[in-house]
file work_11.pdb (PDB, C-alpha atoms)
ATOM      1  CA  MET Z 123     -27.004  70.689 -54.694
ATOM      2  CA  THR Z 124     -27.811  71.929 -58.200
ATOM      3  CA  THR Z 125     -25.245  73.182 -60.692
ATOM      4  CA  THR Z 126     -25.658  75.305 -63.785
ATOM      5  CA  THR Z 127     -24.298  73.850 -67.007
ATOM      6  CA  ALA Z 128     -21.650  76.173 -68.428
ATOM      7  CA  VAL Z 129     -22.191  77.639 -71.884
ATOM      8  CA  PRO Z 130     -18.958  77.557 -73.905
ATOM      9  CA  LEU Z 131     -17.969  80.509 -76.083
ATOM     10  CA  ARG Z 132     -16.682  79.177 -79.388
ATOM     11  CA  LEU Z 133     -14.394  81.754 -80.946
ATOM     12  CA  PRO Z 134     -13.733  81.823 -84.704
ATOM     13  CA  ALA Z 135     -10.472  80.652 -86.221
ATOM     14  CA  ASN Z 136      -9.189  84.175 -86.820
ATOM     15  CA  ALA Z 137      -9.436  84.867 -83.085
ATOM     16  CA  ALA Z 138      -6.779  82.222 -82.423
ATOM     17  CA  GLY Z 139      -4.660  82.974 -79.390
ATOM     18  CA  LEU Z 140      -7.481  84.569 -77.413
ATOM     19  CA  THR Z 141      -8.761  82.847 -74.298
ATOM     20  CA  THR Z 142     -12.102  82.838 -72.493
ATOM     21  CA  ARG Z 143     -13.336  82.501 -68.931
ATOM     22  CA  PRO Z 144     -16.218  83.784 -66.780
ATOM     23  CA  LEU Z 145     -15.919  87.308 -65.469
ATOM     24  CA  THR Z 146     -15.148  87.935 -61.795
ATOM     25  CA  ARG Z 147     -15.858  90.910 -59.544
ATOM     26  CA  ASP Z 148     -12.230  91.956 -60.020
ATOM     27  CA  ASP Z 149     -12.962  92.524 -63.733
ATOM     28  CA  ALA Z 150     -15.314  95.476 -63.103
ATOM     29  CA  GLY Z 151     -12.615  98.037 -63.863
ATOM     30  CA  ALA Z 152     -11.534  96.269 -67.048
ATOM     31  CA  VAL Z 153     -15.137  95.990 -68.285
ATOM     32  CA  THR Z 154     -15.635  99.700 -67.581
ATOM     33  CA  THR Z 155     -12.511 100.539 -69.594
ATOM     34  CA  LEU Z 156     -13.645  98.306 -72.465
ATOM     35  CA  MET Z 157     -17.153  99.748 -72.566
ATOM     36  CA  GLY Z 158     -15.776 103.267 -72.321
ATOM     37  CA  ALA Z 159     -13.531 102.677 -75.337
ATOM     38  CA  CYS Z 160     -16.519 101.386 -77.316
ATOM     39  CA  GLU Z 161     -18.695 104.356 -76.319
ATOM     40  CA  GLN Z 162     -15.968 106.826 -77.209
ATOM     41  CA  GLN Z 163     -15.606 105.182 -80.605
ATOM     42  CA  ASP Z 164     -19.325 104.841 -81.339
ATOM     43  CA  VAL Z 165     -20.986 107.889 -79.735
ATOM     44  CA  GLY Z 166     -18.095 110.244 -79.064
ATOM     45  CA  GLU Z 167     -18.308 110.262 -75.259
ATOM     46  CA  VAL Z 168     -17.920 107.890 -72.336
ATOM     47  CA  LEU Z 169     -21.186 107.284 -70.463
ATOM     48  CA  ILE Z 170     -20.322 104.270 -68.307
ATOM     49  CA  GLU Z 171     -18.622 104.275 -64.926
ATOM     50  CA  GLU Z 172     -17.457 101.424 -62.740
ATOM     51  CA  ALA Z 173     -20.218 101.913 -60.164
ATOM     52  CA  ASP Z 174     -22.756 101.101 -62.909
ATOM     53  CA  ILE Z 175     -21.069  97.750 -63.487
ATOM     54  CA  VAL Z 176     -20.704  96.917 -59.801
ATOM     55  CA  GLY Z 177     -24.339  97.825 -59.113
ATOM     56  CA  ASP Z 178     -25.579  95.546 -61.878
ATOM     57  CA  TRP Z 179     -23.344  92.675 -60.820
ATOM     58  CA  GLN Z 180     -24.529  92.758 -57.199
ATOM     59  CA  ARG Z 181     -28.187  92.169 -58.095
ATOM     60  CA  PRO Z 182     -29.296  88.987 -56.291
ATOM     61  CA  ALA Z 183     -30.623  87.315 -59.447
ATOM     62  CA  PHE Z 184     -27.360  87.731 -61.351
ATOM     63  CA  ASP Z 185     -24.685  85.044 -61.133
ATOM     64  CA  LEU Z 186     -21.487  86.357 -62.650
ATOM     65  CA  ALA Z 187     -19.806  82.955 -62.693
ATOM     66  CA  SER Z 188     -22.468  81.293 -64.861
ATOM     67  CA  GLN Z 189     -23.990  84.231 -66.781
ATOM     68  CA  SER Z 190     -20.913  86.004 -68.137
ATOM     69  CA  VAL Z 191     -17.916  85.426 -70.356
ATOM     70  CA  ALA Z 192     -14.655  87.299 -70.875
ATOM     71  CA  VAL Z 193     -12.403  87.221 -73.942
ATOM     72  CA  LEU Z 194      -8.765  87.959 -73.239
ATOM     73  CA  ASP Z 195      -5.612  88.620 -75.208
ATOM     74  CA  GLY Z 196      -3.061  87.626 -72.625
ATOM     75  CA  GLU Z 197      -4.176  89.570 -69.547
ATOM     76  CA  ARG Z 198      -6.072  92.223 -71.517
ATOM     77  CA  LEU Z 199      -9.874  92.062 -71.650
ATOM     78  CA  VAL Z 200     -10.848  92.605 -75.296
ATOM     79  CA  ALA Z 201     -14.513  91.512 -75.277
ATOM     80  CA  TYR Z 202     -17.184  90.324 -72.909
ATOM     81  CA  ALA Z 203     -20.858  89.396 -72.666
ATOM     82  CA  GLU Z 204     -23.396  88.749 -69.945
ATOM     83  CA  VAL Z 205     -27.100  87.842 -69.834
ATOM     84  CA  TYR Z 206     -29.404  88.719 -66.935
ATOM     85  CA  LYS Z 207     -32.525  86.628 -66.287
ATOM     86  CA  GLY Z 208     -32.276  84.927 -69.688
ATOM     87  CA  ARG Z 209     -33.325  88.175 -71.405
ATOM     88  CA  TRP Z 210     -31.121  91.225 -70.860
ATOM     89  CA  ALA Z 211     -27.732  91.037 -72.539
ATOM     90  CA  ASP Z 212     -24.724  93.322 -72.588
ATOM     91  CA  ALA Z 213     -21.749  92.697 -74.822
ATOM     92  CA  ALA Z 214     -18.837  94.678 -76.208
ATOM     93  CA  VAL Z 215     -15.786  94.130 -78.404
ATOM     94  CA  ASP Z 216     -12.750  96.389 -78.220
ATOM     95  CA  PRO Z 217     -12.687  98.539 -81.398
ATOM     96  CA  ALA Z 218      -9.192  97.258 -82.180
ATOM     97  CA  TYR Z 219     -10.492  93.655 -82.193
ATOM     98  CA  ARG Z 220     -13.599  94.131 -84.315
ATOM     99  CA  GLY Z 221     -13.955  92.401 -87.656
ATOM    100  CA  ARG Z 222     -12.674  89.038 -86.406
ATOM    101  CA  GLY Z 223     -16.037  87.398 -85.777
ATOM    102  CA  ILE Z 224     -15.882  87.857 -81.996
ATOM    103  CA  GLY Z 225     -19.141  89.808 -81.918
ATOM    104  CA  THR Z 226     -20.910  87.066 -83.867
ATOM    105  CA  ALA Z 227     -19.596  84.478 -81.431
ATOM    106  CA  LEU Z 228     -20.805  86.545 -78.479
ATOM    107  CA  SER Z 229     -24.253  86.827 -80.083
ATOM    108  CA  GLN Z 230     -24.436  83.050 -80.416
ATOM    109  CA  TRP Z 231     -23.301  82.698 -76.809
ATOM    110  CA  THR Z 232     -25.964  85.093 -75.478
ATOM    111  CA  ARG Z 233     -28.692  83.178 -77.309
ATOM    112  CA  ALA Z 234     -27.385  79.879 -75.968
ATOM    113  CA  LEU Z 235     -27.186  81.211 -72.436
ATOM    114  CA  ALA Z 236     -30.689  82.683 -72.662
ATOM    115  CA  ALA Z 237     -31.958  79.319 -73.922
ATOM    116  CA  ARG Z 238     -30.250  77.533 -71.037
ATOM    117  CA  ASP Z 239     -31.957  79.888 -68.569
ATOM    118  CA  GLY Z 240     -35.409  79.523 -70.144
ATOM    119  CA  GLY Z 241     -35.490  82.774 -72.107
ATOM    120  CA  THR Z 242     -37.484  83.222 -75.303
ATOM    121  CA  LEU Z 243     -36.078  86.612 -76.348
ATOM    122  CA  VAL Z 244     -32.660  88.146 -75.737
ATOM    123  CA  GLY Z 245     -31.368  91.563 -76.665
ATOM    124  CA  GLN Z 246     -29.357  94.606 -75.740
ATOM    125  CA  PRO Z 247     -29.058  98.333 -76.468
ATOM    126  CA  VAL Z 248     -26.439  99.458 -78.991
ATOM    127  CA  PRO Z 249     -25.617 102.893 -80.398
ATOM    128  CA  GLY Z 250     -27.548 103.807 -83.532
ATOM    129  CA  GLU Z 251     -25.645 103.502 -86.824
ATOM    130  CA  SER Z 252     -22.799 101.707 -85.038
ATOM    131  CA  PRO Z 253     -20.932  98.554 -86.097
ATOM    132  CA  GLY Z 254     -22.764  96.725 -83.305
ATOM    133  CA  GLU Z 255     -26.138  97.716 -84.696
ATOM    134  CA  ARG Z 256     -25.198  96.646 -88.211
ATOM    135  CA  LEU Z 257     -23.920  93.320 -86.877
ATOM    136  CA  LEU Z 258     -27.066  92.520 -84.908
ATOM    137  CA  GLU Z 259     -29.283  93.443 -87.840
ATOM    138  CA  SER Z 260     -27.257  91.159 -90.112
ATOM    139  CA  LEU Z 261     -27.700  88.332 -87.584
ATOM    140  CA  GLY Z 262     -31.484  88.575 -87.715
ATOM    141  CA  TYR Z 263     -32.117  90.725 -84.651
ATOM    142  CA  ARG Z 264     -34.953  93.269 -84.783
ATOM    143  CA  ALA Z 265     -35.146  96.730 -83.258
ATOM    144  CA  LEU Z 266     -37.768  96.881 -80.501
ATOM    145  CA  TRP Z 267     -37.416 100.460 -79.271
ATOM    146  CA  THR Z 268     -35.237 103.554 -79.533
ATOM    147  CA  SER Z 269     -33.542 105.354 -76.639
ATOM    148  CA  TRP Z 270     -32.092 108.837 -76.522
ATOM    149  CA  VAL Z 271     -29.500 110.414 -74.250
ATOM    150  CA  LEU Z 272     -30.313 114.093 -73.796
ATOM    151  CA  GLY Z 273     -28.231 116.891 -72.347
ATOM    152  CA  MET Z 274     -28.808 120.468 -71.300
ATOM    153  CA  PRO Z 275     -26.618 122.825 -73.349
ATOM    154  CA  ALA Z 276     -23.832 124.509 -71.386
ATOM    155  CA  GLY Z 277     -24.947 127.618 -69.572
ATOM    156  CA  ARG Z 278     -28.641 126.737 -69.664
ATOM    157  CA  ALA Z 279     -30.965 125.448 -66.979
ATOM    158  CA  ILE Z 280     -34.532 124.210 -66.856
ATOM    159  CA  ASP Z 281     -36.974 126.931 -65.855
ATOM    160  CA  PRO Z 282     -38.047 126.436 -62.233
ATOM    161  CA  GLN Z 283     -41.227 124.495 -61.555
ATOM    162  CA  PRO Z 284     -43.032 125.396 -58.321
ATOM    163  CA  VAL Z 285     -43.794 122.495 -56.000
ATOM    164  CA  PRO Z 286     -47.565 122.445 -55.246
ATOM    165  CA  ALA Z 287     -48.636 123.726 -51.839
ATOM    166  CA  GLY Z 288     -48.238 121.047 -49.181
ATOM    167  CA  TYR Z 289     -45.837 118.968 -51.274
ATOM    168  CA  ALA Z 290     -42.088 118.833 -50.652
ATOM    169  CA  ILE Z 291     -38.888 117.257 -51.971
ATOM    170  CA  ARG Z 292     -36.604 115.571 -49.457
ATOM    171  CA  GLU Z 293     -34.062 112.802 -49.001
ATOM    172  CA  PRO Z 294     -35.016 109.309 -47.779
ATOM    173  CA  ARG Z 295     -34.884 108.868 -44.013
ATOM    174  CA  ASP Z 296     -35.149 105.110 -43.534
ATOM    175  CA  GLU Z 297     -35.892 101.791 -45.214
ATOM    176  CA  ALA Z 298     -39.616 102.537 -45.210
ATOM    177  CA  ASP Z 299     -38.881 105.543 -47.436
ATOM    178  CA  LEU Z 300     -36.742 103.379 -49.714
ATOM    179  CA  ARG Z 301     -39.482 100.764 -50.040
ATOM    180  CA  ALA Z 302     -42.097 103.414 -50.813
ATOM    181  CA  THR Z 303     -39.778 104.910 -53.434
ATOM    182  CA  TRP Z 304     -39.138 101.489 -54.983
ATOM    183  CA  THR Z 305     -42.896 100.950 -55.239
ATOM    184  CA  VAL Z 306     -43.474 104.285 -56.995
ATOM    185  CA  ASN Z 307     -40.556 103.652 -59.354
ATOM    186  CA  GLU Z 308     -41.561 100.101 -60.269
ATOM    187  CA  ASP Z 309     -45.270 100.885 -60.627
ATOM    188  CA  ALA Z 310     -44.508 103.720 -63.036
ATOM    189  CA  PHE Z 311     -41.997 101.844 -65.184
ATOM    190  CA  LEU Z 312     -44.114  98.697 -65.401
ATOM    191  CA  GLU Z 313     -46.851 100.713 -67.098
ATOM    192  CA  TRP Z 314     -44.816 100.468 -70.313
ATOM    193  CA  SER Z 315     -41.828  98.173 -69.704
ATOM    194  CA  ASP Z 316     -42.204  94.530 -70.749
ATOM    195  CA  ARG Z 317     -40.422  92.891 -67.837
ATOM    196  CA  GLU Z 318     -41.195  91.332 -64.508
ATOM    197  CA  ARG Z 319     -41.245  93.440 -61.361
ATOM    198  CA  SER Z 320     -37.801  94.020 -59.838
ATOM    199  CA  THR Z 321     -37.490  92.989 -56.224
ATOM    200  CA  PHE Z 322     -36.582  95.568 -53.604
ATOM    201  CA  GLU Z 323     -33.140  93.947 -53.305
ATOM    202  CA  GLU Z 324     -32.544  94.166 -57.051
ATOM    203  CA  TRP Z 325     -33.616  97.812 -57.062
ATOM    204  CA  THR Z 326     -31.414  98.830 -54.140
ATOM    205  CA  ALA Z 327     -28.412  97.110 -55.777
ATOM    206  CA  THR Z 328     -28.322  99.900 -58.379
ATOM    207  CA  VAL Z 329     -29.618 102.716 -56.141
ATOM    208  CA  SER Z 330     -28.948 102.844 -52.392
ATOM    209  CA  ARG Z 331     -26.322 100.066 -52.491
ATOM    210  CA  ARG Z 332     -24.623 101.439 -55.604
ATOM    211  CA  PRO Z 333     -20.963 102.244 -54.817
ATOM    212  CA  GLY Z 334     -20.602 105.837 -53.658
ATOM    213  CA  TYR Z 335     -24.306 106.333 -52.923
ATOM    214  CA  GLU Z 336     -25.261 109.228 -50.641
ATOM    215  CA  PRO Z 337     -28.838 110.019 -49.540
ATOM    216  CA  TRP Z 338     -28.896 113.385 -51.354
ATOM    217  CA  GLN Z 339     -28.872 111.485 -54.673
ATOM    218  CA  LEU Z 340     -32.358 110.077 -54.091
ATOM    219  CA  ARG Z 341     -34.967 112.848 -54.310
ATOM    220  CA  LEU Z 342     -38.409 112.034 -52.898
ATOM    221  CA  MET Z 343     -41.547 114.022 -53.729
ATOM    222  CA  VAL Z 344     -43.943 113.706 -50.800
ATOM    223  CA  ASP Z 345     -47.570 114.818 -50.533
ATOM    224  CA  PRO Z 346     -49.146 116.734 -47.616
ATOM    225  CA  THR Z 347     -49.365 113.477 -45.617
ATOM    226  CA  ASP Z 348     -45.659 112.740 -46.270
ATOM    227  CA  ASP Z 349     -46.438 109.815 -48.590
ATOM    228  CA  VAL Z 350     -43.912 109.296 -51.391
ATOM    229  CA  VAL Z 351     -45.610 110.125 -54.695
ATOM    230  CA  GLY Z 352     -42.582 110.746 -56.919
ATOM    231  CA  MET Z 353     -38.855 110.126 -57.099
ATOM    232  CA  ALA Z 354     -35.646 110.943 -58.938
ATOM    233  CA  PHE Z 355     -32.234 109.315 -58.647
ATOM    234  CA  VAL Z 356     -29.247 111.357 -59.796
ATOM    235  CA  VAL Z 357     -25.614 110.335 -60.224
ATOM    236  CA  VAL Z 358     -22.656 112.688 -60.622
ATOM    237  CA  SER Z 359     -19.709 111.447 -62.658
ATOM    238  CA  SER Z 360     -16.906 113.378 -64.359
ATOM    239  CA  GLY Z 361     -18.721 116.663 -63.839
ATOM    240  CA  CYS Z 362     -22.016 115.386 -65.281
ATOM    241  CA  ALA Z 363     -25.283 115.089 -63.377
ATOM    242  CA  TYR Z 364     -27.199 112.143 -64.811
ATOM    243  CA  VAL Z 365     -30.802 111.507 -63.740
ATOM    244  CA  ASP Z 366     -30.955 107.722 -63.871
ATOM    245  CA  LYS Z 367     -34.553 107.329 -62.664
ATOM    246  CA  LEU Z 368     -37.553 109.659 -62.634
ATOM    247  CA  ALA Z 369     -41.108 108.601 -61.785
ATOM    248  CA  VAL Z 370     -44.376 110.010 -60.468
ATOM    249  CA  ARG Z 371     -47.325 108.015 -59.188
ATOM    250  CA  ARG Z 372     -50.071 107.865 -61.828
ATOM    251  CA  ASP Z 373     -52.753 109.571 -59.749
ATOM    252  CA  GLU Z 374     -50.404 112.493 -58.987
ATOM    253  CA  ARG Z 375     -49.505 113.376 -62.561
ATOM    254  CA  GLY Z 376     -50.439 116.650 -64.198
ATOM    255  CA  ARG Z 377     -49.249 118.759 -61.244
ATOM    256  CA  GLY Z 378     -45.736 119.454 -62.565
ATOM    257  CA  LEU Z 379     -44.145 117.060 -60.068
ATOM    258  CA  ALA Z 380     -41.833 115.364 -62.590
ATOM    259  CA  ARG Z 381     -40.474 118.672 -63.824
ATOM    260  CA  ALA Z 382     -40.035 119.916 -60.243
ATOM    261  CA  LEU Z 383     -38.093 116.739 -59.400
ATOM    262  CA  LEU Z 384     -35.941 117.145 -62.500
ATOM    263  CA  VAL Z 385     -35.085 120.756 -61.680
ATOM    264  CA  ASP Z 386     -34.334 119.815 -58.076
ATOM    265  CA  ALA Z 387     -32.143 116.834 -59.024
ATOM    266  CA  PHE Z 388     -30.001 118.877 -61.388
ATOM    267  CA  GLU Z 389     -29.695 121.751 -58.891
ATOM    268  CA  VAL Z 390     -28.681 119.478 -56.017
ATOM    269  CA  ALA Z 391     -26.240 117.615 -58.275
ATOM    270  CA  ARG Z 392     -24.675 120.928 -59.321
ATOM    271  CA  ASP Z 393     -23.817 121.518 -55.665
ATOM    272  CA  HIS Z 394     -21.944 118.203 -55.798
ATOM    273  CA  GLY Z 395     -19.965 118.910 -58.968
ATOM    274  CA  GLY Z 396     -22.499 118.122 -61.693
ATOM    275  CA  GLU Z 397     -22.053 121.094 -63.991
ATOM    276  CA  ARG Z 398     -23.559 119.328 -67.016
ATOM    277  CA  SER Z 399     -27.010 117.728 -66.991
ATOM    278  CA  GLU Z 400     -28.078 114.534 -68.773
ATOM    279  CA  LEU Z 401     -30.757 111.865 -68.747
ATOM    280  CA  SER Z 402     -32.144 109.224 -71.083
ATOM    281  CA  THR Z 403     -35.583 108.142 -72.206
ATOM    282  CA  ASP Z 404     -36.966 105.764 -74.799
ATOM    283  CA  SER Z 405     -39.771 105.501 -77.309
ATOM    284  CA  ARG Z 406     -41.951 103.393 -74.986
ATOM    285  CA  THR Z 407     -42.392 106.251 -72.489
ATOM    286  CA  GLY Z 408     -43.516 109.042 -74.825
ATOM    287  CA  ALA Z 409     -41.427 111.474 -72.752
ATOM    288  CA  LEU Z 410     -38.956 112.678 -75.401
ATOM    289  CA  GLY Z 411     -41.029 115.738 -76.273
ATOM    290  CA  LEU Z 412     -41.309 116.710 -72.603
ATOM    291  CA  TYR Z 413     -37.549 116.838 -72.177
ATOM    292  CA  GLN Z 414     -37.021 118.662 -75.451
ATOM    293  CA  LYS Z 415     -39.642 121.194 -74.404
ATOM    294  CA  VAL Z 416     -37.607 122.103 -71.306
ATOM    295  CA  GLY Z 417     -34.542 122.720 -73.478
ATOM    296  CA  MET Z 418     -32.697 119.393 -73.454
ATOM    297  CA  GLN Z 419     -31.125 118.196 -76.699
ATOM    298  CA  VAL Z 420     -30.432 114.681 -78.000
ATOM    299  CA  THR Z 421     -26.729 113.831 -77.767
ATOM    300  CA  SER Z 422     -26.839 110.159 -78.792
ATOM    301  CA  VAL Z 423     -29.324 107.608 -80.100
ATOM    302  CA  TRP Z 424     -29.461 103.965 -79.041
ATOM    303  CA  ARG Z 425     -31.698 101.118 -80.137
ATOM    304  CA  HIS Z 426     -32.626  97.902 -78.351
ATOM    305  CA  TRP Z 427     -32.135  94.961 -80.690
ATOM    306  CA  ALA Z 428     -33.461  91.526 -79.780
ATOM    307  CA  ALA Z 429     -33.666  88.048 -81.248
ATOM    308  CA  ASP Z 430     -35.888  85.066 -80.575
ATOM    309  CA  VAL Z 431     -34.464  82.218 -78.547
ATOM    310  CA  THR Z 432     -35.445  78.577 -78.897
ATOM    311  CA  PRO Z 433     -34.208  75.374 -77.244
ATOM    312  CA  ASP Z 434     -32.215  74.777 -80.461
ATOM    313  CA  HIS Z 435     -29.843  77.535 -79.373
ATOM    314  CA  VAL Z 436     -28.593  75.521 -76.409
ATOM    315  CA  VAL Z 437     -24.922  74.652 -76.926
ATOM    316  CA  ALA Z 438     -23.598  71.371 -75.585
ATOM    317  CA  PRO Z 439     -20.594  71.737 -73.276
ATOM    318  CA  ASP Z 440     -17.202  70.936 -74.754
TER
END
call {"tool": "encode", "arguments": {"input": "work_11.pdb", "output": "structure tokens"}}
result
Amino acid sequence: MTTTTAVPLRLPANAAGLTTRPLTRDDAGAVTTLMGACEQQDVGEVLIEEADIVGDWQRPAFDLASQSVAVLDGERLVAYAEVYKGRWADAAVDPAYRGRGIGTALSQWTRALAARDGGTLVGQPVPGESPGERLLESLGYRALWTSWVLGMPAGRAIDPQPVPAGYAIREPRDEADLRATWTVNEDAFLEWSDRERSTFEEWTATVSRRPGYEPWQLRLMVDPTDDVVGMAFVVVSSGCAYVDKLAVRRDERGRGLARALLVDAFEVARDHGGERSELSTDSRTGALGLYQKVGMQVTSVWRHWAADVTPDHVVAPD
């Protein structure tokens, strides 16, 4: 039986009285509340919901017990961090607890955990011009790409895009449809994303196994032979329809399929309470202009900051 060596989080002296432990599944609500408070402070709106957290935590390659840490003031969660596959970090500090060195300690912890798990680069997205961005820059991180959250102004909709003759948009019917959709999604995103291919099980953890999932949320574009050639995944939360994934097979591009999927996803989501429409894209995709052209406007800017990891970052257990 193999065990993973724990990575201790060493808090600064002016964080005396706070305690640490790994996160548990029961902490999903508290992490959502913490991240929501940070988003409200830094970008003026709450984007996260608990299903996002639960979906991420149920990915097969993620071990919450050995790849996360919580910082508590009594029973209250005031900061946390996690690192997925030695590369992808998330961390947050309650706005009321900033300025005590907790964020710096979490940065050191994420590097140490990434080093333990064989990573060579670790980073995370943070809001542009936020305290988190300034902290990471001061710690030697570098910005790798920029992301934008875009929304459709109230009362406006994307002009309809006809679906080509013989093509259709439908829901998935079975696992074969899900696997075909996963393939289209992964193939498209791996054209520009510097990561390894997600397994089907990892993909379904945040799509069809995401808490609250219903088949109408996954929109499949099929060709005249009923092969899946495009997909969109839409989530409705607090009256907002958010397109979380949108992809079209490379050989099927230039037919207006992506725009047709986008229009369809927002229309279907509206029938399920999504009165507002949002999505995100980043500078690696080159898609910002496309979304702006259909009338969407940038509502917040995020940047992915990352730092090199070396074996020197490994922290010996206490």
call {"tool": "resolve_selection", "arguments": {"input": "work_11.pdb", "expression": "the PyMOL selection byres ((chain Z and resi 254-265) around 6)", "output": "list in words"}}
result
Val248, Ser252, Pro253, Leu266, Trp267, His426, Trp427, Ala428 and Ala429 of chain Z
call {"tool": "write_last_selection", "arguments": {"input": "work_11.pdb", "atoms": "C-alpha atoms", "output": "PDB file, in the coordinates of the input"}}
result
ATOM      1  CA  VAL Z 248     -26.439  99.458 -78.991  1.00  0.00           C
ATOM      2  CA  SER Z 252     -22.799 101.707 -85.038  1.00  0.00           C
ATOM      3  CA  PRO Z 253     -20.932  98.554 -86.097  1.00  0.00           C
ATOM      4  CA  LEU Z 266     -37.768  96.881 -80.501  1.00  0.00           C
ATOM      5  CA  TRP Z 267     -37.416 100.460 -79.271  1.00  0.00           C
ATOM      6  CA  HIS Z 426     -32.626  97.902 -78.351  1.00  0.00           C
ATOM      7  CA  TRP Z 427     -32.135  94.961 -80.690  1.00  0.00           C
ATOM      8  CA  ALA Z 428     -33.461  91.526 -79.780  1.00  0.00           C
ATOM      9  CA  ALA Z 429     -33.666  88.048 -81.248  1.00  0.00           C
TER      10      ALA Z 429
END
call {"tool": "residues_around", "arguments": {"input": "work_11.pdb", "residues": "Ser320 (chain Z)", "least_positions_apart": "4", "cutoff": "8 Å", "atoms": "only C-alpha atoms", "output": "JSON, numbers by chain"}}
result
{"Z": [308, 324, 325]}
call {"tool": "resolve_selection", "arguments": {"input": "work_11.pdb", "expression": "the PyMOL selection byres ((chain Z and resi 245) around 9)", "output": "ChimeraX atom specification"}}
result
/Z:205,209-212,232-233,243-244,246-247,263,426-430
call {"tool": "write_last_selection", "arguments": {"input": "work_11.pdb", "atoms": "C-alpha atoms", "output": "PDB file, keeping the file's coordinate frame"}}
result
ATOM      1  CA  VAL Z 205     -27.100  87.842 -69.834  1.00  0.00           C
ATOM      2  CA  ARG Z 209     -33.325  88.175 -71.405  1.00  0.00           C
ATOM      3  CA  TRP Z 210     -31.121  91.225 -70.860  1.00  0.00           C
ATOM      4  CA  ALA Z 211     -27.732  91.037 -72.539  1.00  0.00           C
ATOM      5  CA  ASP Z 212     -24.724  93.322 -72.588  1.00  0.00           C
ATOM      6  CA  THR Z 232     -25.964  85.093 -75.478  1.00  0.00           C
ATOM      7  CA  ARG Z 233     -28.692  83.178 -77.309  1.00  0.00           C
ATOM      8  CA  LEU Z 243     -36.078  86.612 -76.348  1.00  0.00           C
ATOM      9  CA  VAL Z 244     -32.660  88.146 -75.737  1.00  0.00           C
ATOM     10  CA  GLN Z 246     -29.357  94.606 -75.740  1.00  0.00           C
ATOM     11  CA  PRO Z 247     -29.058  98.333 -76.468  1.00  0.00           C
ATOM     12  CA  TYR Z 263     -32.117  90.725 -84.651  1.00  0.00           C
ATOM     13  CA  HIS Z 426     -32.626  97.902 -78.351  1.00  0.00           C
ATOM     14  CA  TRP Z 427     -32.135  94.961 -80.690  1.00  0.00           C
ATOM     15  CA  ALA Z 428     -33.461  91.526 -79.780  1.00  0.00           C
ATOM     16  CA  ALA Z 429     -33.666  88.048 -81.248  1.00  0.00           C
ATOM     17  CA  ASP Z 430     -35.888  85.066 -80.575  1.00  0.00           C
TER      18      ASP Z 430
END
call {"tool": "residues_around", "arguments": {"input": "work_11.pdb", "residues": "region 364-375 of chain Z", "least_positions_apart": "3", "cutoff": "7 Å", "atoms": "all atoms listed in the file", "output": "list in words"}}
result
Val306, Asn307, Ala310, Val351, Gly352, Met353, Ala354, Phe355, Val356, Val357, Val358, Leu379, Ala380, Ser399, Glu400 and Leu401 of chain Z
call {"tool": "closest_residue", "arguments": {"input": "work_11.pdb", "among": "Z:Thr242, Z:Thr326, Z:Ser405, Z:Gln180", "to": "Gly208 (chain Z)", "atoms": "only C-alpha atoms"}}
result
Z:Thr242
call {"tool": "atom_distance", "arguments": {"input": "work_11.pdb", "atom1": "CA of Arg181 (chain Z)", "atom2": "CA of Arg147 (chain Z)"}}
result
12.5 Å
call {"tool": "residues_around", "arguments": {"input": "work_11.pdb", "residues": "Glu172 (chain Z)", "least_positions_apart": "6", "cutoff": "10 Å", "atoms": "all atoms listed in the file", "output": "VMD selection string"}}
result
chain Z and resid 150 to 155 157 to 158 333
call {"tool": "closest_residue", "arguments": {"input": "work_11.pdb", "among": "Z:Gly241, Z:Trp179, Z:Gln230, Z:Val420", "to": "Pro130 (chain Z)", "atoms": "only C-alpha atoms"}}
result
Z:Gln230
call {"tool": "resolve_selection", "arguments": {"input": "work_11.pdb", "expression": "the PyMOL selection byres ((chain Z and resi 200) around 10)", "output": "PDB file with C-alpha atoms, in the coordinates of the input"}}
result
ATOM      1  CA  LEU Z 140      -7.481  84.569 -77.413  1.00  0.00           C
ATOM      2  CA  ALA Z 152     -11.534  96.269 -67.048  1.00  0.00           C
ATOM      3  CA  VAL Z 153     -15.137  95.990 -68.285  1.00  0.00           C
ATOM      4  CA  THR Z 155     -12.511 100.539 -69.594  1.00  0.00           C
ATOM      5  CA  LEU Z 156     -13.645  98.306 -72.465  1.00  0.00           C
ATOM      6  CA  MET Z 157     -17.153  99.748 -72.566  1.00  0.00           C
ATOM      7  CA  ALA Z 192     -14.655  87.299 -70.875  1.00  0.00           C
ATOM      8  CA  VAL Z 193     -12.403  87.221 -73.942  1.00  0.00           C
ATOM      9  CA  LEU Z 194      -8.765  87.959 -73.239  1.00  0.00           C
ATOM     10  CA  ASP Z 195      -5.612  88.620 -75.208  1.00  0.00           C
ATOM     11  CA  GLY Z 196      -3.061  87.626 -72.625  1.00  0.00           C
ATOM     12  CA  GLU Z 197      -4.176  89.570 -69.547  1.00  0.00           C
ATOM     13  CA  ARG Z 198      -6.072  92.223 -71.517  1.00  0.00           C
ATOM     14  CA  LEU Z 199      -9.874  92.062 -71.650  1.00  0.00           C
ATOM     15  CA  ALA Z 201     -14.513  91.512 -75.277  1.00  0.00           C
ATOM     16  CA  TYR Z 202     -17.184  90.324 -72.909  1.00  0.00           C
ATOM     17  CA  ALA Z 214     -18.837  94.678 -76.208  1.00  0.00           C
ATOM     18  CA  VAL Z 215     -15.786  94.130 -78.404  1.00  0.00           C
ATOM     19  CA  ASP Z 216     -12.750  96.389 -78.220  1.00  0.00           C
ATOM     20  CA  PRO Z 217     -12.687  98.539 -81.398  1.00  0.00           C
ATOM     21  CA  ALA Z 218      -9.192  97.258 -82.180  1.00  0.00           C
ATOM     22  CA  TYR Z 219     -10.492  93.655 -82.193  1.00  0.00           C
ATOM     23  CA  ARG Z 220     -13.599  94.131 -84.315  1.00  0.00           C
ATOM     24  CA  ILE Z 224     -15.882  87.857 -81.996  1.00  0.00           C
TER      25      ILE Z 224
END
